[in-house]
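Have a look at target.cif; it's mmCIF, C-alpha atoms:
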```cif
data_final
loop_
_atom_site.label_atom_id
_atom_site.label_comp_id
_atom_site.auth_asym_id
_atom_site.auth_seq_id
_atom_site.Cartn_x
_atom_site.Cartn_y
_atom_site.Cartn_z
CA MET Q 21 -106.38 28.94 46.99
CA SER Q 22 -104.36 32.02 47.78
CA PRO Q 23 -105.08 34.79 45.28
CA LEU Q 24 -101.35 35.07 44.59
CA VAL Q 25 -101.24 31.45 43.42
CA THR Q 26 -104.33 31.96 41.27
CA ILE Q 27 -102.77 35.05 39.69
CA ALA Q 28 -99.52 33.20 39.02
CA LEU Q 29 -101.25 30.22 37.42
CA ARG Q 30 -103.74 32.19 35.33
CA PHE Q 31 -101.23 34.66 33.90
CA SER Q 32 -98.44 32.13 33.24
CA VAL Q 33 -100.77 30.16 30.98
CA LEU Q 34 -101.76 33.36 29.16
CA SER Q 35 -98.08 34.26 28.78
CA LEU Q 36 -97.48 31.19 26.62
CA ILE Q 37 -100.42 31.75 24.28
CA ALA Q 38 -99.91 35.48 23.77
CA VAL Q 39 -98.60 35.30 20.20
CA GLY Q 40 -98.59 38.87 18.91
CA GLY Q 41 -98.37 40.41 22.36
CA VAL Q 42 -100.94 41.28 24.96
CA THR Q 43 -103.57 42.54 22.53
CA SER Q 44 -104.18 38.96 21.44
CA ILE Q 45 -104.96 37.83 25.00
CA LEU Q 46 -106.69 40.96 26.26
CA PRO Q 47 -110.19 39.47 25.84
CA GLU Q 48 -109.07 36.44 27.86
CA VAL Q 49 -107.48 38.64 30.56
CA HIS Q 50 -110.83 40.45 30.77
CA ARG Q 51 -112.80 37.21 30.99
CA VAL Q 52 -110.57 35.77 33.72
CA SER Q 53 -110.31 38.86 35.91
CA VAL Q 54 -113.81 40.32 35.47
CA ASP Q 55 -116.14 37.39 34.72
CA VAL Q 56 -114.44 34.42 36.37
CA HIS Q 57 -112.72 35.78 39.48
CA HIS Q 58 -114.54 39.13 39.92
CA TRP Q 59 -111.25 40.81 40.78
CA LEU Q 60 -112.50 44.02 39.21
CA THR Q 61 -115.51 45.55 37.45
CA ASP Q 62 -115.85 46.29 33.76
CA ALA Q 63 -115.30 50.00 34.37
CA GLU Q 64 -112.17 49.32 36.44
CA PHE Q 65 -110.80 47.13 33.65
CA THR Q 66 -111.25 49.97 31.16
CA GLN Q 67 -109.53 52.42 33.52
CA MET Q 68 -106.61 50.04 33.98
CA PHE Q 69 -106.24 49.67 30.27
CA ALA Q 70 -106.00 53.47 30.03
CA ILE Q 71 -103.34 53.55 32.77
CA ALA Q 72 -101.36 50.81 31.02
CA GLN Q 73 -101.51 52.85 27.80
CA ALA Q 74 -100.41 55.99 29.62
CA SER Q 75 -97.22 54.46 30.97
CA PRO Q 76 -94.27 53.62 28.72
CA GLY Q 77 -93.19 50.08 27.93
CA PRO Q 78 -95.02 46.89 27.06
CA ASN Q 79 -98.82 47.10 27.34
CA MET Q 80 -98.88 43.68 28.99
CA LEU Q 81 -98.18 45.47 32.25
CA ILE Q 82 -101.95 45.86 32.60
CA VAL Q 83 -101.76 42.52 34.41
CA ALA Q 84 -99.52 44.16 37.03
CA LEU Q 85 -102.34 46.60 37.70
CA ILE Q 86 -104.81 43.77 38.07
CA GLY Q 87 -102.42 42.00 40.46
CA PHE Q 88 -102.07 45.26 42.40
CA GLN Q 89 -105.84 45.55 42.73
CA VAL Q 90 -106.12 41.97 44.01
CA ALA Q 91 -103.16 41.72 46.38
CA GLY Q 92 -101.24 45.00 46.53
CA LEU Q 93 -97.56 45.19 45.63
CA PRO Q 94 -96.90 41.41 45.94
CA GLY Q 95 -99.85 40.83 43.62
CA ALA Q 96 -98.43 43.27 41.06
CA LEU Q 97 -95.01 41.64 41.11
CA VAL Q 98 -96.39 38.10 40.90
CA ALA Q 99 -98.63 39.08 37.98
CA ALA Q 100 -95.77 40.81 36.12
CA GLY Q 101 -93.50 37.80 36.70
CA ALA Q 102 -96.19 35.36 35.60
CA ILE Q 103 -96.95 37.18 32.34
CA CYS Q 104 -93.22 37.61 31.54
CA LEU Q 105 -91.21 34.63 32.67
CA PRO Q 106 -92.78 31.73 30.72
CA SER Q 107 -92.65 33.51 27.34
CA CYS Q 108 -89.16 34.86 28.10
CA THR Q 109 -87.88 31.42 29.08
CA LEU Q 110 -89.23 30.07 25.82
CA ALA Q 111 -87.52 32.90 23.90
CA TYR Q 112 -84.23 32.07 25.64
CA LEU Q 113 -84.47 28.36 24.77
CA VAL Q 114 -85.49 29.03 21.16
CA GLU Q 115 -82.56 31.45 20.78
CA ARG Q 116 -80.12 28.81 22.09
CA LEU Q 117 -81.50 26.27 19.62
CA TRP Q 118 -81.54 28.81 16.77
CA GLN Q 119 -77.84 29.60 17.29
CA ARG Q 120 -77.01 26.06 16.17
CA PHE Q 121 -78.51 26.77 12.77
CA ARG Q 122 -76.38 29.87 12.18
CA GLY Q 123 -75.02 30.04 8.65
CA THR Q 124 -77.18 27.16 7.40
CA PRO Q 125 -79.38 27.58 4.33
CA LEU Q 126 -82.39 26.61 6.45
CA ARG Q 127 -81.90 29.54 8.81
CA ARG Q 128 -81.20 31.87 5.91
CA ALA Q 129 -84.43 30.78 4.21
CA VAL Q 130 -86.49 31.21 7.37
CA GLU Q 131 -85.04 34.66 7.97
CA THR Q 132 -85.37 35.95 4.42
CA GLY Q 133 -88.83 34.43 4.22
CA LEU Q 134 -90.13 35.99 7.43
CA ALA Q 135 -88.54 39.43 7.04
CA PRO Q 136 -91.01 40.89 4.49
CA ILE Q 137 -93.97 39.61 6.56
CA THR Q 138 -92.51 41.22 9.68
CA VAL Q 139 -92.14 44.56 7.92
CA GLY Q 140 -95.63 44.28 6.41
CA LEU Q 141 -97.08 43.66 9.87
CA MET Q 142 -95.10 46.57 11.31
CA LEU Q 143 -96.51 48.91 8.65
CA ALA Q 144 -100.01 47.51 9.26
CA THR Q 145 -99.67 48.21 12.99
CA GLY Q 146 -98.55 51.76 12.31
CA TRP Q 147 -101.40 52.24 9.85
CA LEU Q 148 -104.05 50.95 12.28
CA VAL Q 149 -102.70 52.98 15.21
CA ALA Q 150 -102.32 56.10 13.07
CA ARG Q 151 -105.85 55.93 11.67
CA GLY Q 152 -107.24 56.18 15.20
CA ALA Q 153 -110.95 56.49 15.87
CA PRO Q 154 -113.27 57.01 12.88
CA GLY Q 155 -114.81 60.43 12.37
CA THR Q 156 -111.88 62.42 13.71
CA GLY Q 157 -110.71 65.64 12.11
CA TRP Q 158 -107.89 66.32 9.66
CA ALA Q 159 -105.35 66.69 12.47
CA ALA Q 160 -105.82 63.02 13.33
CA TYR Q 161 -104.31 62.19 9.93
CA ALA Q 162 -101.82 65.06 9.82
CA VAL Q 163 -100.19 64.15 13.15
CA PRO Q 164 -99.07 60.61 12.23
CA ALA Q 165 -98.15 61.65 8.66
CA LEU Q 166 -96.05 64.58 9.87
CA THR Q 167 -94.47 62.48 12.65
CA ALA Q 168 -93.45 59.77 10.17
CA ALA Q 169 -92.05 62.36 7.75
CA LEU Q 170 -90.03 64.12 10.47
CA VAL Q 171 -88.67 60.86 11.85
CA LEU Q 172 -87.56 59.75 8.39
CA ALA Q 173 -86.20 63.06 7.12
CA THR Q 174 -84.72 64.73 10.21
CA ARG Q 175 -82.83 63.78 13.35
CA THR Q 176 -85.55 65.12 15.66
CA ASN Q 177 -85.84 63.06 18.82
CA PRO Q 178 -89.21 61.25 18.47
CA LEU Q 179 -89.98 62.00 22.14
CA TRP Q 180 -90.64 65.63 21.14
CA LEU Q 181 -93.03 64.46 18.46
CA LEU Q 182 -94.91 62.22 20.92
CA ALA Q 183 -95.10 65.17 23.34
CA ALA Q 184 -96.38 67.43 20.56
CA GLY Q 185 -99.03 64.82 19.77
CA GLY Q 186 -100.05 64.81 23.43
CA VAL Q 187 -100.39 68.60 23.48
CA LEU Q 188 -102.48 68.61 20.29
CA GLY Q 189 -104.64 65.94 21.91
CA LEU Q 190 -105.11 68.07 25.03
CA LEU Q 191 -106.13 70.99 22.83
CA GLY Q 192 -108.81 68.77 21.33
CA LEU Q 193 -107.31 68.82 17.83
CA VAL Q 194 -106.63 65.10 17.45
CA MET B 23 -80.99 23.62 31.55
CA SER B 24 -77.75 22.81 29.75
CA GLY B 25 -75.09 25.48 29.66
CA PRO B 26 -74.76 27.62 26.56
CA PRO B 27 -72.43 26.05 23.99
CA CYS B 28 -70.27 29.13 23.78
CA ILE B 29 -70.60 32.17 25.97
CA VAL B 30 -68.83 34.69 23.77
CA THR B 31 -71.30 34.38 20.91
CA ARG B 32 -71.47 37.51 18.83
CA VAL B 33 -74.45 38.87 17.04
CA SER B 34 -72.80 38.98 13.68
CA THR B 35 -70.16 36.87 11.99
CA THR B 36 -69.18 39.61 9.59
CA GLU B 37 -68.89 42.55 11.99
CA PRO B 38 -65.98 42.89 14.40
CA PRO B 39 -66.79 41.42 17.83
CA THR B 40 -68.81 43.88 19.84
CA ARG B 41 -68.06 44.17 23.52
CA VAL B 42 -71.30 44.86 25.31
CA THR B 43 -71.19 44.76 29.08
CA LEU B 44 -74.02 43.68 31.37
CA GLY B 45 -74.32 47.27 32.55
CA GLU B 46 -74.69 48.50 28.97
CA LEU B 47 -77.37 45.88 28.30
CA TYR B 48 -79.27 47.04 31.38
CA ARG B 49 -78.93 50.73 30.58
CA GLY B 50 -79.72 50.31 26.90
CA PHE B 51 -83.00 48.56 27.62
CA LEU B 52 -83.72 50.88 30.55
CA GLY B 53 -83.79 53.75 28.05
CA THR B 54 -85.93 51.71 25.67
CA GLY B 55 -88.55 50.98 28.34
CA ALA B 56 -88.51 54.53 29.66
CA ARG B 57 -89.16 56.11 26.24
CA GLY B 58 -91.64 53.55 24.94
CA PHE B 59 -94.84 55.59 24.95
CA GLY B 60 -97.39 54.14 22.52
CA GLY B 61 -95.12 51.26 21.53
CA THR B 62 -91.64 50.16 22.54
CA LEU B 63 -90.43 48.62 19.30
CA PRO B 64 -89.35 51.83 17.49
CA TRP B 65 -87.24 52.69 20.53
CA ALA B 66 -85.70 49.23 20.72
CA ARG B 67 -84.65 49.56 17.07
CA ARG B 68 -83.34 53.08 17.57
CA MET B 69 -81.31 52.02 20.62
CA MET B 70 -79.81 48.84 19.15
CA VAL B 71 -79.34 49.86 15.50
CA GLU B 72 -78.79 53.63 15.54
CA GLU B 73 -77.59 54.70 18.98
CA ARG B 74 -75.52 51.78 20.31
CA ARG B 75 -74.92 49.89 17.06
CA TRP B 76 -75.24 46.47 18.68
CA LEU B 77 -77.07 45.08 15.64
CA THR B 78 -77.23 45.87 11.95
CA GLU B 79 -80.60 46.73 10.44
CA ARG B 80 -80.77 43.22 8.99
CA GLU B 81 -79.89 41.50 12.29
CA PHE B 82 -82.52 43.56 14.08
CA LEU B 83 -85.09 42.57 11.48
CA ASP B 84 -84.22 38.86 11.74
CA THR B 85 -84.38 38.93 15.54
CA PHE B 86 -87.69 40.75 15.47
CA SER B 87 -89.09 38.23 12.97
CA LEU B 88 -88.23 35.41 15.35
CA CYS B 89 -89.96 37.24 18.22
CA ASN B 90 -93.10 37.66 16.10
CA PHE B 91 -93.56 33.91 16.19
CA LEU B 92 -92.94 33.62 19.91
CA PRO B 93 -95.63 34.30 22.50
CA GLY B 94 -95.40 37.29 24.80
CA PRO B 95 -94.58 40.92 24.07
CA ASN B 96 -92.11 41.16 21.16
CA VAL B 97 -89.79 43.58 22.86
CA SER B 98 -89.42 41.54 26.04
CA SER B 99 -88.62 38.42 23.97
CA MET B 100 -86.17 40.52 22.03
CA SER B 101 -84.44 41.79 25.16
CA VAL B 102 -84.04 38.20 26.35
CA ILE B 103 -82.64 37.06 22.99
CA VAL B 104 -80.23 39.96 22.50
CA GLY B 105 -79.11 39.71 26.14
CA ALA B 106 -78.48 35.98 25.68
CA ARG B 107 -76.36 36.59 22.57
CA PHE B 108 -73.97 38.88 24.39
CA HIS B 109 -73.93 37.39 27.90
CA GLY B 110 -76.02 34.22 28.14
CA LEU B 111 -78.58 33.93 30.91
CA LEU B 112 -77.17 36.89 32.88
CA GLY B 113 -77.39 39.05 29.78
CA SER B 114 -81.05 38.11 29.34
CA ALA B 115 -81.78 38.99 32.95
CA ALA B 116 -79.98 42.34 32.67
CA ALA B 117 -81.76 43.29 29.44
CA LEU B 118 -85.23 42.22 30.60
CA GLY B 119 -84.69 43.87 33.99
CA GLY B 120 -83.68 47.10 32.29
CA LEU B 121 -86.67 47.00 29.98
CA LEU B 122 -89.20 46.53 32.80
CA THR B 123 -87.77 48.80 35.53
CA VAL B 124 -89.26 52.15 34.46
CA PRO B 125 -92.59 50.89 33.03
CA LEU B 126 -93.34 48.77 36.10
CA THR B 127 -92.47 51.61 38.49
CA THR B 128 -94.50 54.10 36.45
CA ILE B 129 -97.55 51.91 36.14
CA LEU B 130 -97.65 51.14 39.88
CA THR B 131 -97.18 54.81 40.75
CA LEU B 132 -100.02 55.71 38.41
CA ALA B 133 -102.18 53.00 39.98
CA VAL B 134 -101.64 54.45 43.45
CA LEU B 135 -102.25 58.02 42.24
CA TYR B 136 -105.37 56.89 40.43
CA ARG B 137 -106.82 55.57 43.68
CA HIS B 138 -106.43 59.00 45.24
CA PHE B 139 -107.29 61.31 42.39
CA ALA B 140 -109.76 59.19 40.43
CA GLN B 141 -110.33 60.37 36.85
CA LEU B 142 -107.78 62.91 35.71
CA PRO B 143 -109.29 65.32 33.17
CA GLY B 144 -107.62 65.47 29.77
CA VAL B 145 -105.77 62.18 30.12
CA ASP B 146 -107.83 60.46 27.43
CA ALA B 147 -107.43 63.39 25.04
CA ALA B 148 -103.66 63.60 25.56
CA LEU B 149 -103.32 59.84 25.13
CA ARG B 150 -105.20 60.00 21.84
CA GLY B 151 -102.69 62.60 20.59
CA VAL B 152 -99.69 60.58 21.76
CA GLY B 153 -101.23 57.52 20.09
CA ALA B 154 -101.55 59.31 16.75
CA ALA B 155 -97.90 60.42 16.85
CA ALA B 156 -96.85 56.94 17.97
CA GLY B 157 -98.60 55.51 14.91
CA GLY B 158 -96.48 57.77 12.73
CA LEU B 159 -93.34 56.67 14.56
CA VAL B 160 -94.19 53.00 13.98
CA LEU B 161 -94.83 53.71 10.27
CA ALA B 162 -91.47 55.45 9.93
CA THR B 163 -89.74 52.54 11.69
CA GLY B 164 -91.45 50.07 9.34
CA LEU B 165 -90.31 52.08 6.30
CA ARG B 166 -86.72 52.16 7.60
CA MET B 167 -86.84 48.39 8.07
CA ALA B 168 -88.30 47.97 4.58
CA MET B 169 -85.22 49.66 3.12
CA ALA B 170 -83.08 46.79 4.46
CA LEU B 171 -85.14 44.23 2.56
CA GLY B 172 -84.02 44.69 -1.03
CA ARG B 173 -86.34 44.97 -4.00
CA ALA B 174 -86.99 41.36 -5.04
CA PRO B 175 -90.57 40.81 -6.31
CA ARG B 176 -90.99 37.98 -3.76
CA VAL B 177 -90.18 40.40 -0.93
CA LEU B 178 -92.66 43.03 -2.11
CA LEU B 179 -95.37 40.41 -2.66
CA PHE B 180 -95.24 39.04 0.89
CA LEU B 181 -94.82 42.49 2.45
CA VAL B 182 -97.94 43.79 0.71
CA ALA B 183 -99.88 40.58 1.45
CA ALA B 184 -99.13 40.82 5.19
CA PHE B 185 -100.05 44.52 5.25
CA VAL B 186 -103.32 44.06 3.37
CA ALA B 187 -104.36 41.03 5.45
CA VAL B 188 -103.96 42.86 8.75
CA ALA B 189 -104.52 46.55 7.95
CA VAL B 190 -107.23 46.32 5.27
CA LEU B 191 -108.96 42.96 5.71
CA ARG B 192 -108.48 43.09 9.51
CA TRP B 193 -107.67 39.40 9.76
CA PRO B 194 -106.35 38.23 13.13
CA LEU B 195 -102.57 37.98 13.46
CA VAL B 196 -102.06 34.29 14.16
CA PRO B 197 -103.77 32.90 11.03
CA VAL B 198 -101.93 35.50 8.94
CA LEU B 199 -98.57 34.44 10.39
CA LEU B 200 -99.34 30.74 10.01
CA GLY B 201 -100.72 31.16 6.51
CA LEU B 202 -98.15 33.51 4.96
CA GLY B 203 -95.08 32.45 6.96
CA PRO B 204 -94.54 28.92 5.60
CA VAL B 205 -95.26 29.94 1.98
CA SER B 206 -92.82 32.85 2.17
CA VAL B 207 -90.13 30.68 3.83
CA LEU B 208 -90.61 28.04 1.14
CA ALA B 209 -90.21 30.66 -1.60
CA ALA B 210 -87.05 31.95 0.09
CA TRP B 211 -85.78 28.37 0.56
CA VAL B 212 -85.85 27.76 -3.18
CA GLY B 213 -83.80 30.91 -3.75
CA THR B 214 -81.37 30.31 -0.87
CA LEU B 215 -80.70 26.72 -1.89
CA ALA B 216 -79.88 27.79 -5.43
CA ALA B 217 -77.45 30.45 -4.13
CA TRP B 218 -75.91 27.92 -1.69
CA ARG B 219 -75.33 25.38 -4.49
CA THR B 220 -73.55 27.85 -6.74
CA ARG B 221 -71.30 28.99 -3.88
CA THR B 222 -70.12 25.56 -2.69
#
```

Since I need it in another form, could you write the structure as structure tokens?
Amino acid sequence: MSPLVTIALRFSVLSLIAVGGVTSILPEVHRVSVDVHHWLTDAEFTQMFAIAQASPGPNMLIVALIGFQVAGLPGALVAAGAICLPSCTLAYLVERLWQRFRGTPLRRAVETGLAPITVGLMLATGWLVARGAPGTGWAAYAVPALTAALVLATRTNPLWLLAAGGVLGLLGLV
Amino acid sequence: MSGPPCIVTRVSTTEPPTRVTLGELYRGFLGTGARGFGGTLPWARRMMVEERRWLTEREFLDTFSLCNFLPGPNVSSMSVIVGARFHGLLGSAAALGGLLTVPLTTILTLAVLYRHFAQLPGVDAALRGVGAAAGGLVLATGLRMAMALGRAPRVLLFLVAAFVAVAVLRWPLVPVLLGLGPVSVLAAWVGTLAAWRTRT
């Protein structure tokens, strides 16, 4: 089978089970591309994860890197399409269906019921990301705390705060 | 696929109709993707709620909740849904295209560079710093969203339960969603139904 077809099939299935984003399927992406198909080594997988983290946007684009490794630019585009299109098509269909329930008590109940969980999860994500690696210095706690405070209290563009975090990281403080 | 029942659907029934063009959808999400270091969601909220005012805080929260239960990256589902609300299928394509343009270009450029320059020194350290700041940005975004929730005891209970389950107990996301979601919806259903009865 052409590697492009294999990439398309493998990643479209993963797209539909990735509830919670790519982090939930990362172990499976690793298994498929390193253990099953030997598209890349363990070390290469780790490097690609770092590259995916370094670029802006959804982390799922790590699959584009894997596709690139396997089949160049066409591989990257097929992989990105495969990881995106099935879940996006589902989102489109669900949205169309959901519109029909607008203004109904059912929709109101679902929305008011899910909202606090969504916010709780958002705060949990921020907490887990902000805590970082164990055993880091005081700056590792000061940076997220100060960032959150500045974002809430001032109109500073958060990009400056991310850049400042990067500089502190380079200086070895975080 | 059947055609959308009405193309000119608006996001809100209470707000005046918002005219959002396909170009604005593309550019709005282009900026979101381009700035999304260490997480895209805070930028999506900033763009749609604060900068362009396409959605109210509450509408953003409800759309994001829906995306939490859908597979795939939240922000890409969200771009598809918001695009569909303003312009149907074309709107979805414009929003998703905008969201992915910069990240996809960047990541492929980095991949090519990486082949030539191998390990760049300091990248890990800088990323760790950006990650710490990004965590703070996500926390601030969560707190802003929490302000739109109201102060009902039910709301606080489920918010704290979700936070503790994931951040403290480190339970995986899917069981938490499936366990807490239905109970919280049921609790809200009782309240909503009562309010609905008194109104009609």

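Distances here use only C-alpha atoms; by that measure, the residue among Q:Val39, Q:Ile71, Q:Ala63, Q:Ala99 closest to chain B is Q:Val39.
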
Written as a CSV table (one decimal) with C-alpha atoms, in the frame of the given file, what is the full residue list that the PyMOL selection byres ((chain B) within 6 of (chain Q)) yields on the file shown?
```csv
chain,number,residue,atom,x,y,z
B,55,GLY,CA,-88.6,51.0,28.3
B,56,ALA,CA,-88.5,54.5,29.7
B,58,GLY,CA,-91.6,53.6,24.9
B,59,PHE,CA,-94.8,55.6,25.0
B,62,THR,CA,-91.6,50.2,22.5
B,84,ASP,CA,-84.2,38.9,11.7
B,87,SER,CA,-89.1,38.2,13.0
B,92,LEU,CA,-92.9,33.6,19.9
B,93,PRO,CA,-95.6,34.3,22.5
B,94,GLY,CA,-95.4,37.3,24.8
B,95,PRO,CA,-94.6,40.9,24.1
B,99,SER,CA,-88.6,38.4,24.0
B,103,ILE,CA,-82.6,37.1,23.0
B,125,PRO,CA,-92.6,50.9,33.0
B,129,ILE,CA,-97.6,51.9,36.1
B,144,GLY,CA,-107.6,65.5,29.8
B,147,ALA,CA,-107.4,63.4,25.0
B,148,ALA,CA,-103.7,63.6,25.6
B,150,ARG,CA,-105.2,60.0,21.8
B,151,GLY,CA,-102.7,62.6,20.6
B,152,VAL,CA,-99.7,60.6,21.8
B,154,ALA,CA,-101.6,59.3,16.8
B,155,ALA,CA,-97.9,60.4,16.8
B,157,GLY,CA,-98.6,55.5,14.9
B,158,GLY,CA,-96.5,57.8,12.7
B,159,LEU,CA,-93.3,56.7,14.6
B,160,VAL,CA,-94.2,53.0,14.0
B,161,LEU,CA,-94.8,53.7,10.3
B,162,ALA,CA,-91.5,55.4,9.9
B,164,GLY,CA,-91.4,50.1,9.3
B,177,VAL,CA,-90.2,40.4,-0.9
B,180,PHE,CA,-95.2,39.0,0.9
B,181,LEU,CA,-94.8,42.5,2.4
B,184,ALA,CA,-99.1,40.8,5.2
B,185,PHE,CA,-100.0,44.5,5.2
B,189,ALA,CA,-104.5,46.6,8.0
B,206,SER,CA,-92.8,32.8,2.2
B,207,VAL,CA,-90.1,30.7,3.8
B,210,ALA,CA,-87.0,32.0,0.1
B,211,TRP,CA,-85.8,28.4,0.6
B,214,THR,CA,-81.4,30.3,-0.9
```

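You will find CA of Trp65 (chain B) at 23.4 Å from CA of Leu46 (chain Q).
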
* Asked: Distance CA of Val54 (chain Q)-CA of Thr66 (chain Q), one decimal place?
  -> 10.9 Å

When you look at Leu121 (chain B) with a cut-off of 7 Å (counting only C-alpha atoms), what residues show up, excluding the ones that are within fewer than 2 positions of it in the same chain? I need them as a PDB file with C-alpha atoms, in the coordinates of the input.
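Wrote it out as part_15.pdb, contents follow:
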```
ATOM      1  CA  PHE B  51     -83.000  48.560  27.620  1.00  0.00           C
ATOM      2  CA  LEU B  52     -83.720  50.880  30.550  1.00  0.00           C
ATOM      3  CA  THR B  54     -85.930  51.710  25.670  1.00  0.00           C
ATOM      4  CA  GLY B  55     -88.550  50.980  28.340  1.00  0.00           C
ATOM      5  CA  ALA B 117     -81.760  43.290  29.440  1.00  0.00           C
ATOM      6  CA  LEU B 118     -85.230  42.220  30.600  1.00  0.00           C
ATOM      7  CA  GLY B 119     -84.690  43.870  33.990  1.00  0.00           C
ATOM      8  CA  THR B 123     -87.770  48.800  35.530  1.00  0.00           C
TER       9      THR B 123
END
```

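Across the structure, CA of Tyr48 (chain B) and CA of Ala106 (chain B) are spaced 12.5 Å apart.
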
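Residues captured in this structure file are Tyr112 of chain Q; Pro26, Thr43, Leu44, Leu47, Tyr48, Ser101, Val102, Ile103, Val104, Gly105, Ala106, Arg107, Phe108, His109, Gly110, Ser114, Ala115, Ala116, Ala117 and Leu118 of chain B, according to the PyMOL selection byres ((chain B and resi 111-113) around 9).
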
* On this file, the PyMOL selection byres ((chain B and resi 197) around 12) gives some set of residues; write that set as a list in words. => Val39 and Gly40 of chain Q; Phe91, Ala184, Ala187, Val188, Arg192, Trp193, Pro194, Leu195, Val196, Val198, Leu199, Leu200, Gly201, Leu202, Gly203 and Pro204 of chain B

File of the preceding selection, C-alpha atoms, as a PDB file, keeping the file's coordinate frame:
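Saved as again_23.pdb:
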```pdb
ATOM      1  CA  VAL Q  39     -98.600  35.300  20.200  1.00  0.00           C
ATOM      2  CA  GLY Q  40     -98.590  38.870  18.910  1.00  0.00           C
TER       3      GLY Q  40
ATOM      4  CA  PHE B  91     -93.560  33.910  16.190  1.00  0.00           C
ATOM      5  CA  ALA B 184     -99.130  40.820   5.190  1.00  0.00           C
ATOM      6  CA  ALA B 187    -104.360  41.030   5.450  1.00  0.00           C
ATOM      7  CA  VAL B 188    -103.960  42.860   8.750  1.00  0.00           C
ATOM      8  CA  ARG B 192    -108.480  43.090   9.510  1.00  0.00           C
ATOM      9  CA  TRP B 193    -107.670  39.400   9.760  1.00  0.00           C
ATOM     10  CA  PRO B 194    -106.350  38.230  13.130  1.00  0.00           C
ATOM     11  CA  LEU B 195    -102.570  37.980  13.460  1.00  0.00           C
ATOM     12  CA  VAL B 196    -102.060  34.290  14.160  1.00  0.00           C
ATOM     13  CA  VAL B 198    -101.930  35.500   8.940  1.00  0.00           C
ATOM     14  CA  LEU B 199     -98.570  34.440  10.390  1.00  0.00           C
ATOM     15  CA  LEU B 200     -99.340  30.740  10.010  1.00  0.00           C
ATOM     16  CA  GLY B 201    -100.720  31.160   6.510  1.00  0.00           C
ATOM     17  CA  LEU B 202     -98.150  33.510   4.960  1.00  0.00           C
ATOM     18  CA  GLY B 203     -95.080  32.450   6.960  1.00  0.00           C
ATOM     19  CA  PRO B 204     -94.540  28.920   5.600  1.00  0.00           C
TER      20      PRO B 204
END
```

Find the smallest box with edges along x, y and z containing every listed atom of region 92-96 of chain Q, then add 4 Å on each side and report centre and edge lengths in Å to one decimal, as AutoDock Vina command-line options.
```
--center_x -99.1 --center_y 43.0 --center_z 43.8 --size_x 12.3 --size_y 12.4 --size_z 13.5
```

Place N, CA and C atoms on region 65-77 of chain Q and deliver the coordinates as a tab-separated table (two decimals), in the coordinates of the input.
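Written out: out.tsv:
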```
chain	number	residue	atom	x	y	z
Q	65	PHE	N	-111.65	47.72	34.69
Q	65	PHE	CA	-110.80	47.13	33.65
Q	65	PHE	C	-110.45	48.18	32.59
Q	66	THR	N	-111.48	48.93	32.17
Q	66	THR	CA	-111.25	49.97	31.16
Q	66	THR	C	-110.27	51.03	31.66
Q	67	GLN	N	-110.45	51.43	32.94
Q	67	GLN	CA	-109.53	52.42	33.52
Q	67	GLN	C	-108.11	51.89	33.53
Q	68	MET	N	-107.96	50.60	33.90
Q	68	MET	CA	-106.61	50.04	33.98
Q	68	MET	C	-105.96	49.96	32.62
Q	69	PHE	N	-106.79	49.70	31.60
Q	69	PHE	CA	-106.24	49.67	30.27
Q	69	PHE	C	-105.70	51.06	29.90
Q	70	ALA	N	-106.45	52.10	30.30
Q	70	ALA	CA	-106.00	53.47	30.03
Q	70	ALA	C	-104.69	53.77	30.75
Q	71	ILE	N	-104.58	53.32	32.02
Q	71	ILE	CA	-103.34	53.55	32.77
Q	71	ILE	C	-102.17	52.83	32.09
Q	72	ALA	N	-102.42	51.59	31.66
Q	72	ALA	CA	-101.36	50.81	31.02
Q	72	ALA	C	-100.91	51.50	29.74
Q	73	GLN	N	-101.86	52.12	29.02
Q	73	GLN	CA	-101.51	52.85	27.80
Q	73	GLN	C	-100.72	54.11	28.12
Q	74	ALA	N	-101.04	54.72	29.27
Q	74	ALA	CA	-100.41	55.99	29.62
Q	74	ALA	C	-98.96	55.81	30.04
Q	75	SER	N	-98.60	54.62	30.54
Q	75	SER	CA	-97.22	54.46	30.97
Q	75	SER	C	-96.40	53.87	29.81
Q	76	PRO	N	-95.10	54.13	29.80
Q	76	PRO	CA	-94.27	53.62	28.72
Q	76	PRO	C	-94.10	52.11	28.85
Q	77	GLY	N	-93.53	51.50	27.83
Q	77	GLY	CA	-93.19	50.08	27.93
Q	77	GLY	C	-94.31	49.18	27.48
```
